[in-house]
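Student: Pasting a structure below so you can have a look.
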Amino acid sequence: MKSFKLGLAAGVLTLGASLVAGAAEVPKLTPEEMKKASQIFFDRCAGCHGMLRKGATGPALTPDITRQRGLQYLETIITNGTPGGMPDWGRQGILTKDEIKLLAKFLMHEPPEPPLMSLAEMKKWWKVYVPPEARPTKPEHNLNWKNFMGIILRDVGKVAIVDGDTKKLVSIVDTGFAVHIFRSSGTGRYFLTIGRDGKATLIDLWLKKPDKVAEVKVCYDARSIDTSKYKGPRGDFMDKLAIVGCYWPPSFVLLDGQTLEPIKIVDTSDYTWDTNEYVREARVASIVASHHDPEWIVSNKEPGKVLIVNYEDPTNLKMHYIDAERFLHDGGWDMSKRYFLVAANMRNKVIVIDSVEKKYVAEIETGVKPHPGRGANFVHARYGPVWCTGHLGSNNVACIGTDPINRSRYAWKLVANIELPGPGGGTLFIKTHPESPHIWVDRPLSAEPKLQRELYVIDKDSLKVIKTINVIEELKKKGYKNIDGRVVHPEFDMYGKEVWVSVWGRKDKPTALVVFDDRTMEIKEVITGDWVRTPTGIFNVYTTTNDIY
Ligand code: DHE
């Protein structure tokens, strides 16, 4: 695992390590232990609880709370997880008993505040491997690059590019620590990745062997990236700019779309939309790129605001601030790409934003902790266009009507609540394709190991689960006896005929990418190899470029 490069200054550590006055029951930690615990917290916990531990997807873990809970309680939760989506780090064997003990002690201390990053510091990380003028003007291979699949190999700091037509490995690219997502550029030619460590990579799919052509690190903790997808009257906006959304420092950063040169940092610390309380750690969650305007739609998690950022003139940046709901997380476009639907997961709601009128439209209660990924869009005979989400905390897939003009009766209302078999939630991602009659749903964060290995197929007409597939059992039947792990992130190929999923296992053992025939719902191909280590997200170039999901 790469080390925690927050550069926590000794002074900061000493401050954090010193016990808070009068709290005799707080266990002592040496500066080394504090540093190690900070690293574990950053790797495993900060994403949900926040660097400053004020809470978001997970509850607040500030010392006033953790000291009341006590060491034993904290250790038990870290070991066993909770049905609400907290992973069972101990049971999974990801954290050892000693690490859990250390982490529990760390949580009883004041969190150390990590440093900021200037444009000059970002530029020290910036590298252009192949300048734009040296890149090919047409693909240097004869492969169908629009059907390439980008695959995150999370814990080995790499991504793989696999040809969706032939299922052959095309390239492995070194990206660094724990890539979180891929996004495609407006033309589709480039894949962009963002790591948890804030490192962005630009991968040119036209090179003979696709590889990174530029990289930069723009924050210490990040989850989102996108590019300029607006074509403009002369096509001159497309691929011109990129944006990275950061968790720490709380900000978004504008980059040159061709070289990733950092251009501008925008601080996102803000006041909550409702109570107007100041939030220092106001993190950037999902970002989508508008296809109809030179704009990105940016979710500012803790304040609960959606920012519409107009990138036409970065020097005179125009932004709309839309009050939405607190704890915004992931989201995607409706089918028309006018409405952005985003989960306010700790409020059990989905918020609808109109990107044309640039305003809040509605909020819908869908279930416990909605987690759509980007969601799933399709046209239902009765309800018209709908968008669906799964949930981390309840076993339902909820669908919302999205056509206020022709199906106004159903617009922004819950039109279907589809129950998944078995207890609890645990769904992370849900996916469909306009050519498919199905919606595919995963459940990797279920508390039940059996359910973590299952996929559910929903029929778009009847809105019922028509098949439950235990992927690991199906692999065993095919002779793959040693492949095990959680099944995560269904992704369609460009034609809407195949569904690819990752078997997310441990770093020390290769697993597999499993390709299903969407119509028969049977395994069509199993992609294995020593390189298939901790695969998580899978991204098809064509569907990601065009926001088809
Ligand atoms: Fe993600 C999307 C944040 C845990 C894999 N994840 C997102 C987005 C956000 C986010 C804000 C939306 C990005 C966008 O659309 O611009 N994820 C977080 C967290 O804060 C959280 C809960 C905790 C953390 O510590 O990071 C978290 N995410 C995970 C995982 O554990 C996953 C399964 C594996 C991993 O990399 O750690 C994971 N997240 C993904 C994937 C997407 C994603 C594959 C993109 C889904 C898509 O289809 O677009």
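Letters for chains follow the order of the structure tokens (A, B, ...), residue numbers begin at 1 for each chain, and ligand numbers begin at 1 in the order shown.
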What's around stretch 534-548 of chain A at 7 Å? Count only C-alpha atoms, leave out sequence neighbours fewer than 4 positions away in its own chain, and write the answer as a PyMOL selection string.

Tutor: chain A and resi 146-155+181-186+188+433+488-489+491+493-494+502-507

Student: Enumerate as a PyMOL selection string all residues of stretch 454-491 of chain A assigned to alpha helix (DSSP H) by DSSP on the backbone, naming them with the chain letters and numbers the document uses.

Tutor: chain A and resi 471-477

Student: Kindly provide, as a CSV table (one decimal) with N, CA and C atoms, in the first residue's frame, all nucleotide and amino acid residues lying within 6 Å of ligand 1, counting only C-alpha atoms and all ligand atoms.

Tutor:
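Output file selection31.csv is given in full below:
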chain,number,residue,atom,x,y,z
A,44,ARG,N,-9.2,3.8,4.9
A,44,ARG,CA,-10.4,3.0,5.1
A,44,ARG,C,-11.6,3.8,5.5
A,45,CYS,N,-11.4,4.9,6.2
A,45,CYS,CA,-12.5,5.5,7.0
A,45,CYS,C,-12.9,6.9,6.5
A,46,ALA,N,-11.9,7.7,6.1
A,46,ALA,CA,-12.1,9.2,5.8
A,46,ALA,C,-13.2,9.4,4.7
A,47,GLY,N,-13.3,8.5,3.8
A,47,GLY,CA,-14.2,8.6,2.7
A,47,GLY,C,-15.7,8.8,3.2
A,48,CYS,N,-16.0,8.0,4.2
A,48,CYS,CA,-17.4,8.1,4.8
A,48,CYS,C,-17.5,9.0,5.9
A,180,HIS,N,-10.4,5.6,-8.2
A,180,HIS,CA,-11.8,5.5,-7.7
A,180,HIS,C,-12.8,5.3,-8.9
A,181,ILE,N,-12.6,6.3,-9.9
A,181,ILE,CA,-13.5,6.1,-11.1
A,181,ILE,C,-12.7,6.5,-12.4
A,223,ARG,N,-12.5,12.0,-5.2
A,223,ARG,CA,-13.4,10.9,-5.7
A,223,ARG,C,-13.9,11.1,-7.1
A,224,SER,N,-13.8,12.4,-7.6
A,224,SER,CA,-14.5,12.6,-8.9
A,224,SER,C,-13.7,13.4,-9.9
A,225,ILE,N,-14.0,13.1,-11.2
A,225,ILE,CA,-13.3,13.8,-12.3
A,225,ILE,C,-14.3,13.8,-13.5
A,285,ALA,N,-18.5,15.8,-4.1
A,285,ALA,CA,-18.9,14.4,-4.4
A,285,ALA,C,-19.0,14.2,-5.9
A,286,SER,N,-20.2,13.9,-6.4
A,286,SER,CA,-20.3,13.6,-7.8
A,286,SER,C,-20.2,14.8,-8.7
A,287,ILE,N,-19.7,14.6,-9.9
A,287,ILE,CA,-19.7,15.7,-10.9
A,287,ILE,C,-20.2,15.1,-12.2
A,329,HIS,N,-24.2,12.7,-2.5
A,329,HIS,CA,-23.2,11.7,-2.8
A,329,HIS,C,-23.0,11.5,-4.3
A,330,ASP,N,-23.6,10.4,-4.8
A,330,ASP,CA,-23.5,10.0,-6.2
A,330,ASP,C,-24.8,10.3,-6.9
A,373,GLY,N,-24.9,5.1,-7.9
A,373,GLY,CA,-23.8,5.2,-8.9
A,373,GLY,C,-24.3,6.3,-9.8
A,374,ARG,N,-24.5,6.0,-11.0
A,374,ARG,CA,-25.1,7.1,-11.9
A,374,ARG,C,-26.6,6.8,-12.1
A,536,THR,N,-12.5,-3.3,-9.4
A,536,THR,CA,-13.7,-2.7,-8.8
A,536,THR,C,-14.5,-2.2,-10.0
A,537,GLY,N,-14.5,-0.8,-10.2
A,537,GLY,CA,-15.3,-0.3,-11.3
A,537,GLY,C,-14.9,-0.7,-12.7

Student: Could you go through stretch 102-210 of chain A and tell me which residues DSSP, when run on the backbone, assigns to strand (DSSP E or B), listing them as an MDAnalysis selection string?

Tutor: chainID A and resid 127:128 148:153 158:163 169:174 179:184 190:195 199:204

Student: Between A:Glu419, A:Asp256, A:Asp530, A:Glu277, which one has atoms that come closest to A:Ala214, using only C-alpha atoms?

Tutor: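 Closest residue, counting only C-alpha atoms: A:Asp256.
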
Student: Considering only C-alpha atoms, tabulate each residue of stretch 418-465 of chain A that lies at most 12 Å from stretch 399-402 of chain A along with its nearest interatomic pair and the corresponding distance in Å to one decimal; arrange the rows by chain and ascending residue number and present them as a Markdown table.

Tutor:
| residue | atom | partner | partner_atom | distance |
| --- | --- | --- | --- | --- |
| A:Ile418 | CA | A:Cys399 | CA | 8.2 |
| A:Glu419 | CA | A:Cys399 | CA | 11.5 |
| A:Ile430 | CA | A:Cys399 | CA | 11.5 |
| A:Ile439 | CA | A:Cys399 | CA | 11.4 |
| A:Ile458 | CA | A:Cys399 | CA | 11.8 |
| A:Lys460 | CA | A:Cys399 | CA | 10.7 |
| A:Leu463 | CA | A:Cys399 | CA | 9.4 |
| A:Lys464 | CA | A:Cys399 | CA | 12.0 |

Student: Got a sec: who's within 12 Å of A:His380, counting only C-alpha atoms, leaving out chain neighbours fewer than 5 positions off, as a PyMOL selection string?

Tutor: chain A and resi 385-388+399-403+407+410+415-416+434+437-438+459-463

Student: For A:Gly496, which of A:Asp323, A:Cys246, A:Gly164, A:Pro294 is the closest residue, counting only C-alpha atoms?

Tutor: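 Closest residue, counting only C-alpha atoms: A:Gly164.
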